[in-house]
Amino acid sequence: MSFLINAWIWTMLVGSIIVGTPLVAIVWAVTAPFDPGRYAAGRLFRLIAVFTVKLNPLWRFETTGQLVRDPRRPYVAVSNHESYADIFLISHLPWEMKWMSKETLFKIPCMGWMMRMAGDIRVVRGERSSAIQALAAARDRISKRVSVMIFPEGTRSRGNGLLPFKDGAFRVAIETGAPILPLVVAGTRRAMAKGSFRFQRAHARVKVLEPIETKGLTLDDIGALRDRVRALIEVAHTRLLREIEGGEPA
């Protein structure tokens with residue numbers, strides 16, 4: 001039964017990506033002249049991810065917390081990273097963000113094409129020049145009034161604890177004056193564990209914390225800001241896991 005359910009989910013997922021690609025292309029072509037931030041094409045791309053979750057009988061995803069009032073005010077959103085399922089979960093938030101993602105995802109047919117049309121940001125792990133270009137691209141998206149989404153751990157953690165946060169997201173926020181928007185994901189580790197592409201039953205939730213203003217900060221404040229945000233996410237992550245395991249409503 002588990003094999004059949006996974007076969008159905010993968011078939012549905014691949015089918016949604018194939019069907020969604022020309023739809024995103026149409027929206028991208030129609031809106032490109034007046035939407036330099038590719039907000040509309042990106043939003044449709046995230047909604048395709050939400051649609052696939054609704055067809056997945058094993059996943060129950062929820063959002064909670066402080067929602068953004070103005071979707072066109074740019075933030076630098078940062079989140080802990082548990083699994084590939086984080087992408088599907090965070091896509092449920094009702095505003096567009098450009099994701100900083102590893103190069104391998106951009107190489108996937110259809111998926112990578114949609115990521116490019118959506119204006120997502122490619123980064124090659126371990127290459128300094130690529131990291132510099134990615135941060136410049138993040139500043140570009142913010143200048144076009146679109147938020148960016150970065151996993152400051154850089155990769156998925158295997159345990160419940162958080163990995164150390166890298167400086168890049170916090171540098172971009174301070175340089176552009178954009179607020180940091182902390183996000184907390186919990187429960188996705190069970191949805192798709194690291195090193196596995198098998199879907200499993202999971203109840204997961206993303207919580208939006210209060211934004212943190214960066215105006216008035218300098219590059220000397222990067223470390224303190226990074227550590228402050230990591231501590232907030234770590235505490236909230238522990239609480240969110242308890243809520244999920246205790247069956248508390250969002």
# chains A, B, ... in the order shown; residues from 1 in each chain; ligands from 1
$ residues_around --residues "segment 160-175 of chain A" --least-positions-apart "3" --cutoff "8 Å" --atoms "only C-alpha atoms" --output "MDAnalysis selection string"
chainID A and resid 75:76 78 80 135 138:139 150 152:154 157 178:180 214:215 217:219 222:223 225:227 230 234
$ select_by_dssp --residues "segment 6-234 of chain A" --states "helix (DSSP H, G or I)" --output "NGL selection string"
:A and (6-31 or 39-54 or 85-90 or 103-106 or 111-118 or 128-143 or 168-176 or 188-191 or 219-234)
$ residues_around --residues "Val146 of chain A" --least-positions-apart "3" --cutoff "9 Å" --atoms "only C-alpha atoms" --output "ChimeraX atom specification"
/A:37-39,71-75,96-98,141-143
$ closest_residue --among "A:Trp59, A:Phe106, A:Trp95, A:Phe199" --to "Val123 of chain A" --atoms "only C-alpha atoms"
A:Phe106
$ residues_around --residues "Leu44 of chain A" --least-positions-apart "2" --cutoff "9 Å" --atoms "only C-alpha atoms" --output "PDB file with C-alpha atoms, in the first residue's frame"
ATOM      1  CA  GLY A  20       2.107  23.853 -14.775  1.00  0.00           C
ATOM      2  CA  LEU A  23       0.829  27.970 -17.540  1.00  0.00           C
ATOM      3  CA  VAL A  24       3.704  29.703 -15.762  1.00  0.00           C
ATOM      4  CA  VAL A  27       1.758  34.271 -17.178  1.00  0.00           C
ATOM      5  CA  TYR A  39       5.663  38.487  -8.934  1.00  0.00           C
ATOM      6  CA  ALA A  40       2.735  36.958 -10.865  1.00  0.00           C
ATOM      7  CA  ALA A  41       4.727  34.124 -12.473  1.00  0.00           C
ATOM      8  CA  GLY A  42       6.346  33.292  -9.146  1.00  0.00           C
ATOM      9  CA  ARG A  46       4.085  28.484  -5.584  1.00  0.00           C
ATOM     10  CA  LEU A  47       0.356  27.790  -6.017  1.00  0.00           C
ATOM     11  CA  ILE A  48       1.221  24.739  -8.105  1.00  0.00           C
ATOM     12  CA  ALA A  49       3.201  23.463  -5.109  1.00  0.00           C
ATOM     13  CA  ALA A 118       9.692  32.829 -11.398  1.00  0.00           C
TER      14      ALA A 118
END
$ closest_residue --among "A:Thr104, A:Gln200, A:Thr155, A:Ser129" --to "His81 of chain A" --atoms "only C-alpha atoms"
A:Thr155
$ closest_residue --among "A:Phe45, A:Thr188, A:Ile233, A:Pro22" --to "Arg60 of chain A" --atoms "only C-alpha atoms"
A:Thr188
$ closest_residue --among "A:Leu209, A:Leu58, A:Ile18, A:Leu240" --to "Asn6 of chain A" --atoms "only C-alpha atoms"
A:Leu58
$ closest_residue --among "A:Gly65, A:Pro249, A:Pro94, A:Gly119" --to "Ala236 of chain A" --atoms "only C-alpha atoms"
A:Gly65
$ residues_around --residues "Ala191 of chain A" --least-positions-apart "4" --cutoff "12 Å" --atoms "only C-alpha atoms" --output "count of residues only"
29
$ closest_residue --among "A:Ala224, A:Arg242, A:Trp99, A:Arg156" --to "Gly195 of chain A" --atoms "only C-alpha atoms"
A:Arg156
